[in-house]
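*Asks:* This is query_27.txt, which holds compact mmCIF, C-alpha atoms and all ligand atoms:
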# COMPACT_ATOMS: atom_id res chain seq x y z
CA MET A 254 -7.00 -12.93 28.49
CA GLU A 255 -5.21 -15.53 26.37
CA THR A 256 -1.99 -14.42 24.75
CA ARG A 257 -2.50 -13.66 21.09
CA VAL A 258 0.09 -14.23 18.39
CA VAL A 259 0.10 -11.48 15.80
CA PHE A 260 2.26 -11.04 12.68
CA HIS A 261 2.93 -7.77 10.93
CA ILE A 262 4.24 -8.40 7.42
CA ASP A 263 5.79 -5.60 5.39
CA PHE A 264 7.46 -5.94 1.99
CA ASP A 265 10.94 -4.53 1.63
CA TYR A 266 11.44 -1.48 -0.64
CA PHE A 267 8.18 -2.54 -2.23
CA TYR A 268 7.73 -0.67 -5.54
CA ALA A 269 11.44 -0.94 -6.33
CA GLN A 270 11.49 -4.64 -5.48
CA CYS A 271 8.50 -5.22 -7.77
CA GLU A 272 10.51 -3.61 -10.56
CA GLU A 273 13.43 -5.94 -9.78
CA THR A 274 11.21 -9.01 -10.12
CA ARG A 275 10.42 -8.21 -13.74
CA SER A 276 13.92 -6.98 -14.65
CA PRO A 277 16.42 -8.92 -12.49
CA GLU A 278 19.33 -7.01 -14.03
CA LEU A 279 18.19 -4.02 -11.91
CA LYS A 280 19.23 -5.79 -8.71
CA THR A 281 22.80 -4.56 -8.75
CA LYS A 282 21.91 -0.99 -9.75
CA PRO A 283 20.50 1.90 -7.74
CA VAL A 284 16.77 1.94 -8.60
CA CYS A 285 14.44 4.88 -7.90
CA VAL A 286 10.71 4.60 -8.53
CA CYS A 287 9.39 8.06 -9.37
CA VAL A 288 6.05 9.84 -9.42
CA PHE A 289 6.72 12.20 -12.31
CA SER A 290 4.43 15.21 -12.19
CA ASP A 291 2.54 16.51 -15.20
CA ARG A 292 4.95 19.37 -15.65
CA GLY A 293 7.51 17.22 -17.43
CA GLY A 294 11.28 16.93 -17.04
CA ASP A 295 12.45 15.84 -13.61
CA SER A 296 9.63 17.48 -11.63
CA GLY A 297 8.08 15.04 -9.19
CA ALA A 298 9.07 12.94 -6.18
CA ILE A 299 10.69 9.62 -5.31
CA ALA A 300 8.09 7.02 -4.23
CA THR A 301 10.76 4.61 -3.05
CA ALA A 302 14.25 3.35 -3.85
CA ASN A 303 16.11 0.07 -3.48
CA TYR A 304 18.91 -0.32 -0.92
CA ALA A 305 21.64 0.35 -3.48
CA ALA A 306 20.11 3.83 -4.00
CA ARG A 307 19.38 4.37 -0.28
CA LYS A 308 23.12 4.03 0.40
CA TYR A 309 23.48 7.38 -1.36
CA GLY A 310 20.83 9.00 0.84
CA VAL A 311 17.89 8.66 -1.55
CA LYS A 312 14.61 8.65 0.40
CA SER A 313 10.85 8.40 -0.23
CA GLY A 314 9.31 11.82 -0.83
CA MET A 315 12.56 13.42 -2.02
CA PRO A 316 12.40 15.51 -5.25
CA ILE A 317 13.62 13.50 -8.24
CA SER A 318 16.21 16.16 -9.03
CA PHE A 319 17.75 15.76 -5.53
CA ALA A 320 17.98 12.01 -5.97
CA LYS A 321 19.67 12.46 -9.34
CA LYS A 322 22.23 14.72 -7.72
CA ARG A 323 22.94 12.21 -4.97
CA LEU A 324 23.43 9.49 -7.57
CA GLU A 325 25.52 11.61 -9.92
CA GLY A 326 28.52 9.32 -9.61
CA ARG A 327 26.50 6.24 -10.56
CA ASN A 328 25.80 6.25 -14.26
CA ASP A 329 24.04 2.90 -13.90
CA ALA A 330 21.32 4.47 -11.70
CA VAL A 331 17.79 3.84 -12.99
CA PHE A 332 14.77 6.13 -12.61
CA LEU A 333 11.46 4.42 -13.39
CA PRO A 334 7.90 5.77 -13.41
CA VAL A 335 5.45 4.16 -10.94
CA ASP A 336 3.31 1.32 -12.31
CA PHE A 337 0.57 0.91 -9.70
CA ASP A 338 -1.33 -1.77 -11.64
CA PHE A 339 1.72 -3.99 -11.68
CA TYR A 340 2.41 -3.48 -7.96
CA SER A 341 -1.24 -4.24 -7.16
CA GLU A 342 -1.08 -7.47 -9.15
CA ILE A 343 2.00 -8.61 -7.23
CA SER A 344 0.49 -7.51 -3.94
CA GLU A 345 -2.66 -9.48 -4.59
CA LYS A 346 -0.71 -12.68 -5.16
CA ALA A 347 1.33 -12.20 -1.99
CA MET A 348 -1.76 -11.37 0.07
CA LYS A 349 -3.33 -14.67 -1.03
CA ILE A 350 -0.42 -16.57 0.52
CA MET A 351 -0.72 -14.59 3.76
CA LYS A 352 -4.47 -15.05 3.95
CA PHE A 353 -4.10 -18.77 3.51
CA ASN A 354 -1.81 -18.81 6.56
CA ALA A 355 -3.93 -16.68 8.92
CA ASP A 356 -6.84 -17.25 11.31
CA ILE A 357 -7.74 -13.59 10.89
CA PHE A 358 -6.33 -11.52 8.02
CA GLU A 359 -6.27 -7.72 8.06
CA TYR A 360 -5.22 -5.92 4.88
CA VAL A 361 -3.57 -2.59 5.62
CA GLY A 362 -2.13 -1.51 2.28
CA ARG A 363 -0.51 -2.84 -0.88
CA ASP A 364 2.64 -3.87 0.99
CA GLU A 365 1.45 -4.48 4.52
CA ALA A 366 -0.92 -6.76 6.52
CA TYR A 367 -1.62 -8.14 9.99
CA LEU A 368 -2.24 -11.83 10.61
CA ASP A 369 -3.68 -13.29 13.80
CA VAL A 370 -2.33 -16.86 13.94
CA THR A 371 -3.06 -17.65 17.61
CA LYS A 372 -5.18 -20.72 16.93
CA ARG A 373 -3.04 -22.38 14.33
CA VAL A 374 0.16 -22.06 16.37
CA GLU A 375 -1.68 -22.80 19.63
CA GLY A 376 -0.32 -19.65 21.22
CA ASP A 377 3.26 -20.93 20.83
CA PHE A 378 5.89 -18.40 19.70
CA LYS A 379 8.30 -21.11 18.49
CA LYS A 380 5.67 -22.51 16.17
CA ALA A 381 4.83 -18.95 15.16
CA SER A 382 8.42 -18.33 14.18
CA HIS A 383 8.42 -21.46 11.98
CA LEU A 384 5.19 -20.39 10.34
CA ALA A 385 6.62 -16.94 9.63
CA GLN A 386 9.69 -18.52 8.03
CA GLN A 387 7.44 -20.69 5.88
CA ILE A 388 5.46 -17.67 4.73
CA LYS A 389 8.67 -15.83 3.86
CA ASN A 390 9.94 -18.83 1.88
CA SER A 391 6.69 -19.25 0.06
CA ILE A 392 6.52 -15.59 -0.94
CA ARG A 393 10.13 -15.69 -2.07
CA GLU A 394 9.68 -18.84 -4.15
CA LYS A 395 6.37 -17.97 -5.75
CA ILE A 396 6.64 -14.20 -6.13
CA LYS A 397 10.39 -13.54 -5.81
CA LEU A 398 9.79 -10.94 -3.14
CA SER A 399 11.41 -10.46 0.27
CA CYS A 400 9.50 -9.18 3.27
CA SER A 401 10.10 -8.45 6.94
CA ILE A 402 7.94 -9.96 9.66
CA GLY A 403 7.41 -8.86 13.24
CA ILE A 404 5.82 -11.25 15.75
CA SER A 405 4.44 -10.35 19.16
CA SER A 406 1.22 -10.50 21.15
CA ASN A 407 -0.15 -7.24 19.73
CA LYS A 408 -0.34 -5.34 16.46
CA LEU A 409 1.61 -2.30 17.57
CA ILE A 410 4.66 -4.18 18.79
CA SER A 411 4.58 -6.48 15.77
CA LYS A 412 4.66 -3.40 13.54
CA ILE A 413 7.64 -2.01 15.41
CA ALA A 414 9.29 -5.45 15.21
CA SER A 415 8.80 -5.84 11.45
CA ASP A 416 10.67 -2.57 10.96
CA TYR A 417 13.41 -3.52 13.42
CA ARG A 418 15.59 -5.57 11.08
CA LYS A 419 15.06 -4.74 7.45
CA PRO A 420 15.32 -6.03 4.74
CA ASP A 421 14.38 -9.73 4.95
CA GLY A 422 13.98 -9.57 8.73
CA LEU A 423 12.20 -11.79 11.23
CA THR A 424 11.90 -10.41 14.74
CA VAL A 425 10.11 -12.32 17.48
CA VAL A 426 9.11 -10.47 20.66
CA THR A 427 7.64 -12.87 23.22
CA PRO A 428 5.61 -11.43 26.09
CA ASP A 429 8.59 -12.23 28.36
CA ASN A 430 11.11 -10.20 26.41
CA MET A 431 8.79 -7.39 25.39
CA ASN A 432 10.17 -4.77 27.79
CA GLU A 433 13.74 -5.72 27.03
CA PHE A 434 12.97 -5.21 23.33
CA LEU A 435 11.06 -1.93 23.70
CA ASN A 436 13.07 -0.07 26.36
CA PRO A 437 16.19 0.92 24.38
CA LEU A 438 14.29 1.89 21.20
CA LYS A 439 14.04 5.51 20.09
CA ILE A 440 10.63 7.08 20.71
CA ARG A 441 10.30 7.66 16.97
CA VAL A 442 9.69 3.94 16.26
CA ILE A 443 6.18 4.18 17.71
CA PRO A 444 3.77 4.47 14.77
CA GLY A 445 2.11 7.88 14.80
CA ILE A 446 4.96 9.64 16.59
CA GLY A 447 6.52 12.01 14.12
CA LYS A 448 9.38 14.45 14.16
CA LYS A 449 7.48 17.15 16.06
CA THR A 450 6.39 14.90 18.93
CA GLU A 451 9.86 13.43 19.10
CA GLU A 452 11.31 16.94 19.42
CA ARG A 453 8.91 17.81 22.23
CA PHE A 454 9.98 14.74 24.15
CA SER A 455 13.59 15.51 23.41
CA GLU A 456 13.17 18.97 24.97
CA MET A 457 11.88 17.18 28.07
CA GLY A 458 15.08 15.09 28.05
CA LEU A 459 13.30 11.93 26.90
CA GLU A 460 14.85 9.90 24.07
CA THR A 461 13.95 6.24 24.47
CA ILE A 462 10.83 4.24 25.20
CA GLN A 463 12.23 3.52 28.65
CA ASP A 464 12.45 7.27 29.28
CA LEU A 465 8.83 7.66 28.19
CA LYS A 466 7.67 5.26 30.87
CA LYS A 467 8.60 7.90 33.45
CA LEU A 468 5.60 9.97 32.37
CA ASP A 469 2.27 9.19 34.02
CA VAL A 470 -0.92 9.17 32.01
CA PHE A 471 -2.05 12.57 33.40
CA THR A 472 1.08 14.35 32.18
CA LEU A 473 0.73 12.69 28.78
CA ASN A 474 -2.93 13.64 28.55
CA LYS A 475 -2.12 17.23 29.42
CA GLU A 476 0.61 17.40 26.77
CA PHE A 477 -1.07 15.52 23.93
CA GLY A 478 -4.80 15.34 24.64
CA ARG A 479 -6.64 12.39 26.15
CA LYS A 480 -6.74 10.14 23.11
CA ASN A 481 -3.10 10.53 22.09
CA GLY A 482 -1.97 10.53 25.71
CA ALA A 483 -3.64 7.20 26.40
CA TYR A 484 -2.26 5.79 23.15
CA ILE A 485 1.33 6.69 24.02
CA TYR A 486 0.91 5.48 27.61
CA ASN A 487 -0.30 2.06 26.44
CA ALA A 488 2.03 1.82 23.44
CA VAL A 489 5.22 2.02 25.50
CA ARG A 490 3.91 -0.59 27.95
CA GLY A 491 2.78 -3.00 25.25
CA THR A 492 -0.81 -2.71 26.43
CA TYR A 493 -2.29 -1.13 23.32
CA ASN A 494 -4.40 -4.11 22.36
CA GLU A 495 -6.37 -3.45 19.19
CA PRO A 496 -7.52 -6.82 17.83
CA VAL A 497 -6.71 -7.95 14.29
CA LYS A 498 -9.88 -7.31 12.29
CA GLU A 499 -10.84 -9.21 9.14
CA ARG A 500 -10.30 -6.85 6.21
CA GLU A 501 -9.72 -7.46 2.52
CA ALA A 502 -8.17 -5.19 -0.06
CA SER A 503 -10.68 -3.07 -1.89
CA ILE A 504 -9.11 -3.35 -5.27
CA GLN A 505 -9.86 -1.25 -8.28
CA TYR A 506 -8.48 -1.28 -11.77
CA SER A 507 -8.04 2.00 -13.56
CA LYS A 508 -6.38 3.67 -16.52
CA ILE A 509 -5.84 7.36 -16.92
CA SER A 510 -4.27 9.22 -19.83
CA THR A 511 -3.44 12.72 -20.94
CA LEU A 512 -5.35 13.63 -24.14
CA LYS A 513 -3.51 14.57 -27.35
CA LYS A 514 -5.20 17.97 -27.07
CA ASP A 515 -7.39 19.65 -24.45
CA SER A 516 -11.00 19.37 -25.58
CA LYS A 517 -14.66 19.40 -24.59
CA ASP A 518 -15.91 17.81 -27.79
CA TYR A 519 -18.04 14.77 -26.90
CA GLN A 520 -17.07 12.78 -29.99
CA PHE A 521 -13.34 13.18 -29.38
CA LEU A 522 -13.60 12.43 -25.65
CA SER A 523 -15.86 9.46 -26.26
CA GLU A 524 -13.29 7.84 -28.56
CA ASN A 525 -10.70 8.19 -25.81
CA ILE A 526 -13.05 6.73 -23.19
CA ILE A 527 -13.72 3.74 -25.45
CA ASP A 528 -9.96 3.10 -25.75
CA LEU A 529 -9.38 3.44 -22.01
CA CYS A 530 -12.19 0.91 -21.45
CA LYS A 531 -10.35 -1.56 -23.68
CA GLU A 532 -7.23 -1.19 -21.56
CA VAL A 533 -9.11 -1.60 -18.28
CA HIS A 534 -10.89 -4.60 -19.75
CA GLY A 535 -7.52 -6.13 -20.57
CA ILE A 536 -6.53 -5.94 -16.89
CA LEU A 537 -9.86 -7.51 -15.90
CA LEU A 538 -9.35 -10.43 -18.27
CA LYS A 539 -5.81 -10.99 -17.12
CA ASN A 540 -6.96 -11.13 -13.51
CA ASN A 541 -10.12 -13.10 -14.20
CA ARG A 542 -12.36 -10.45 -12.62
CA MET A 543 -15.87 -9.11 -13.02
CA PHE A 544 -16.85 -5.58 -11.99
CA LYS A 545 -20.03 -4.17 -10.57
CA SER A 546 -19.19 -0.48 -10.57
CA VAL A 547 -17.87 1.81 -13.31
CA GLY A 548 -16.41 5.26 -12.81
CA ILE A 549 -14.86 7.98 -14.95
CA HIS A 550 -12.57 10.79 -13.96
CA LEU A 551 -12.11 14.06 -15.86
CA ILE A 552 -9.23 16.39 -15.14
CA GLN A 553 -9.99 19.80 -16.63
CA SER A 554 -7.52 22.23 -18.13
CA ASP A 555 -7.43 24.28 -14.92
CA LEU A 556 -6.52 20.99 -13.13
CA SER A 557 -9.82 20.84 -11.23
CA SER A 558 -11.51 17.46 -11.59
CA LYS A 559 -14.91 15.83 -11.97
CA SER A 560 -15.93 12.23 -11.28
CA ARG A 561 -19.00 10.17 -12.10
CA SER A 562 -19.69 6.57 -11.17
CA ARG A 563 -22.51 4.09 -11.17
CA MET A 564 -23.32 0.69 -9.74
CA LEU A 565 -24.59 -1.97 -12.12
CA LYS A 566 -27.38 -4.45 -11.38
CA ASN A 567 -25.12 -7.49 -11.74
CA PRO A 568 -21.39 -8.14 -11.85
CA THR A 569 -20.14 -8.52 -15.41
CA SER A 570 -16.90 -8.79 -17.35
CA SER A 571 -18.33 -7.57 -20.66
CA LEU A 572 -16.33 -4.93 -22.54
CA GLU A 573 -19.47 -3.68 -24.24
CA GLU A 574 -21.17 -3.11 -20.90
CA LEU A 575 -18.12 -1.26 -19.62
CA GLN A 576 -17.94 1.00 -22.69
CA LYS A 577 -21.69 1.69 -22.70
CA ASN A 578 -21.69 2.76 -19.05
CA ALA A 579 -18.50 4.79 -19.24
CA ASP A 580 -19.82 6.59 -22.30
CA GLN A 581 -23.14 7.41 -20.61
CA LEU A 582 -21.24 8.76 -17.62
CA LEU A 583 -19.20 10.91 -20.00
CA ARG A 584 -22.38 12.35 -21.53
CA GLU A 585 -23.69 13.18 -18.07
CA ALA A 586 -20.42 14.75 -17.01
CA LEU A 587 -20.25 16.93 -20.12
CA GLU A 588 -23.64 18.56 -19.61
CA ASN A 589 -23.11 22.32 -19.44
CA GLN A 590 -19.35 21.81 -19.76
CA THR A 591 -17.53 25.12 -20.17
CA ILE A 592 -13.83 24.37 -19.72
CA THR A 593 -11.85 21.87 -21.78
CA ILE A 594 -10.63 18.51 -20.46
CA ARG A 595 -6.95 17.63 -20.19
CA ARG A 596 -6.89 14.05 -18.86
CA LEU A 597 -9.43 11.24 -18.77
CA GLY A 598 -9.66 8.14 -16.62
CA VAL A 599 -11.81 5.01 -16.35
CA LYS A 600 -12.01 2.72 -13.36
CA VAL A 601 -13.86 -0.40 -12.30
CA THR A 602 -14.50 -1.37 -8.67
CA GLU A 603 -16.59 -3.87 -6.68
CA LEU A 604 -14.54 -6.65 -8.25
CA SER A 605 -15.21 -10.34 -7.91
CA GLU A 606 -13.58 -13.45 -9.28
CA VAL A 607 -15.05 -15.05 -12.41
CA GLN A 608 -15.81 -18.60 -11.34
CA GLY A 609 -16.41 -21.43 -13.80
CA GLN A 610 -19.87 -22.29 -15.04
CA SER A 611 -21.94 -20.68 -12.34
CA SER A 612 -21.27 -17.16 -13.51
CA ILE A 613 -21.04 -17.75 -17.23
CA THR A 614 -24.24 -15.74 -17.67
CA ASN A 615 -22.41 -12.74 -16.28
CA TYR A 616 -20.43 -12.46 -19.49
CA PHE A 617 -23.52 -11.33 -21.39
P1 LIG B 701 7.14 1.76 2.95
O1 LIG B 701 6.80 0.42 3.51
O2 LIG B 701 7.20 2.92 3.88
O3 LIG B 701 8.55 1.71 2.22
P2 LIG B 701 9.23 0.63 1.31
O4 LIG B 701 8.43 -0.63 1.20
O5 LIG B 701 9.58 1.26 0.01
O6 LIG B 701 10.58 0.36 2.07
P3 LIG B 701 10.90 -0.47 3.41
O7 LIG B 701 9.61 -1.05 3.89
O8 LIG B 701 11.88 -1.52 2.97
O9 LIG B 701 11.50 0.52 4.35
O10 LIG B 701 6.11 2.15 1.80
C1 LIG B 701 5.54 1.19 0.90
C2 LIG B 701 5.41 1.79 -0.50
O11 LIG B 701 4.64 2.98 -0.45
C3 LIG B 701 6.74 2.17 -1.13
O12 LIG B 701 7.37 1.11 -1.83
C4 LIG B 701 6.36 3.32 -2.03
C5 LIG B 701 5.16 3.94 -1.39
N1 LIG B 701 5.53 5.23 -0.73
C6 LIG B 701 5.38 6.42 -1.44
O13 LIG B 701 4.90 6.42 -2.57
N2 LIG B 701 5.75 7.60 -0.82
C7 LIG B 701 6.27 7.64 0.45
O14 LIG B 701 6.61 8.72 0.96
C8 LIG B 701 6.44 6.39 1.17
C9 LIG B 701 7.02 6.36 2.56
C10 LIG B 701 6.05 5.23 0.54
CA CA B 702 7.53 -1.73 3.01
Re-express the file's structure as structure tokens.

*Replies:*
Amino acid sequence: METRVVFHIDFDYFYAQCEETRSPELKTKPVCVCVFSDRGGDSGAIATANYAARKYGVKSGMPISFAKKRLEGRNDAVFLPVDFDFYSEISEKAMKIMKFNADIFEYVGRDEAYLDVTKRVEGDFKKASHLAQQIKNSIREKIKLSCSIGISSNKLISKIASDYRKPDGLTVVTPDNMNEFLNPLKIRVIPGIGKKTEERFSEMGLETIQDLKKLDVFTLNKEFGRKNGAYIYNAVRGTYNEPVKEREASIQYSKISTLKKDSKDYQFLSENIIDLCKEVHGILLKNNRMFKSVGIHLIQSDLSSKSRSRMLKNPTSSLEELQKNADQLLREALENQTITIRRLGVKVTELSEVQGQSSITNYF
């Protein structure tokens, strides 16, 4: 089999870095991006933090109140609410640059993608390294974002390599130095191996990838089941060879808001839906998109939720069409409604780019 050249690209401290791009004065301060819960005050968790905040031990998933305690001595620390729409916009722009530079492009998430570049670098890791540097430069110049790139002959090792030197890292693992790279690493770096598995290995006296190679596939299968056993066996030998598969982001635009009062009155809810549609439509216009599917989301006072969605005949970017459909969905959803509604949301999916003349009819 020919040697493939695969990139894994991962943005550094993504949500926090997005915030820094629109407010550069944040760069020198500890920045925590927070998912505030509905309960108010400081309840909720840290989504991510920049490196200035990480120095104080702030981590993703940590309660906001813990992070505030850790950063007590820094009165310049900033706690911002997540703004997913903004991060998606930035992500989309960066993904365009990556896609342009790939033979095969696989979207993984807002801040992460695999690129197969074998053909365009003719299987040459030196050329690959240049290409990666160009991509990094281009993303930095155009979007003001830093990322870390791992290069190897398979996805798994590239993912480990992109995480190896963060932030702003570039780690190349050629087939010749693969074992040298992998052997001393902690078992934990293998994607999918969590704390529990790591502890089990530790009890067996195994700490590094080199140690793991002592186990034969039968022992691994017995310990972890056949699928996981085979995965670990191949992962540590660099023989886990999933190909890069073409995949694009399935984007959606949405707006959700908490109502001024809980209610099940159609008239009141309808007015709110109409306003949310205007906001969603604003995002569509800004991004030059049409939608083909409309959905609404109702969160009831007991926090249970209801969703309705429908596919349209043709893609459109018309506000009227959006409002009409969302309102009909609301009527449907409210049939036999007994409890009041607390929050309402509208989303559009199945998005496509509005292109010049050819789709002008789609506006009507
Ligand atoms: P990660 O890539 O894990 O983290 P990161 O980009 O913030 O930091 P780095 O790559 O430099 O180590 O996750 C990407 C985004 O996903 C992150 O910016 C915020 C979000 N996220 C959460 O909301 N909760 C979490 O527990 C984690 C790990 C990430
Ligand atoms: Ca990241």

*Asks:* Can I get the residues close to ligand LIG 701 (chain B) as a PyMOL selection string, where close means within 10 Å and we count only C-alpha atoms and all ligand atoms?

*Replies:* chain A and resi 262-271+285-288+298-304+307+312-315+335+337+340+362-365+399-401+415-416+418-421

*Asks:* As a list in words, please: the residues near Glu585 of chain A (cut-off 12 Å, all atoms listed in the file, same-chain neighbours under 4 positions excluded).

*Replies:* Tyr519, Ser523, Gly548, Ile549, Leu551, Lys559, Ser560, Arg561, Ser562, Arg563, Asn578, Ala579, Asp580, Gln581, Asn589 and Gln590 of chain A

*Asks:* Around (-11.8, 0.5, -12.8) in the file's frame, which residues reach within 8 Å when counting only C-alpha atoms? Return as a ChimeraX atom specification?

*Replies:* /A:505-508,533,544,546-548,599-602

*Asks:* At what distance in Å, to one decimal, does atom CA of Ala347 of chain A lie from atom CA of Arg275 of chain A?

*Replies:*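 These atoms are spaced 15.4 Å apart.
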
*Asks:* Take atom CA of Ala488 of chain A and atom CA of Leu465 of chain A and report the distance between them in Å, one decimal.

*Replies:* 10.1 Å
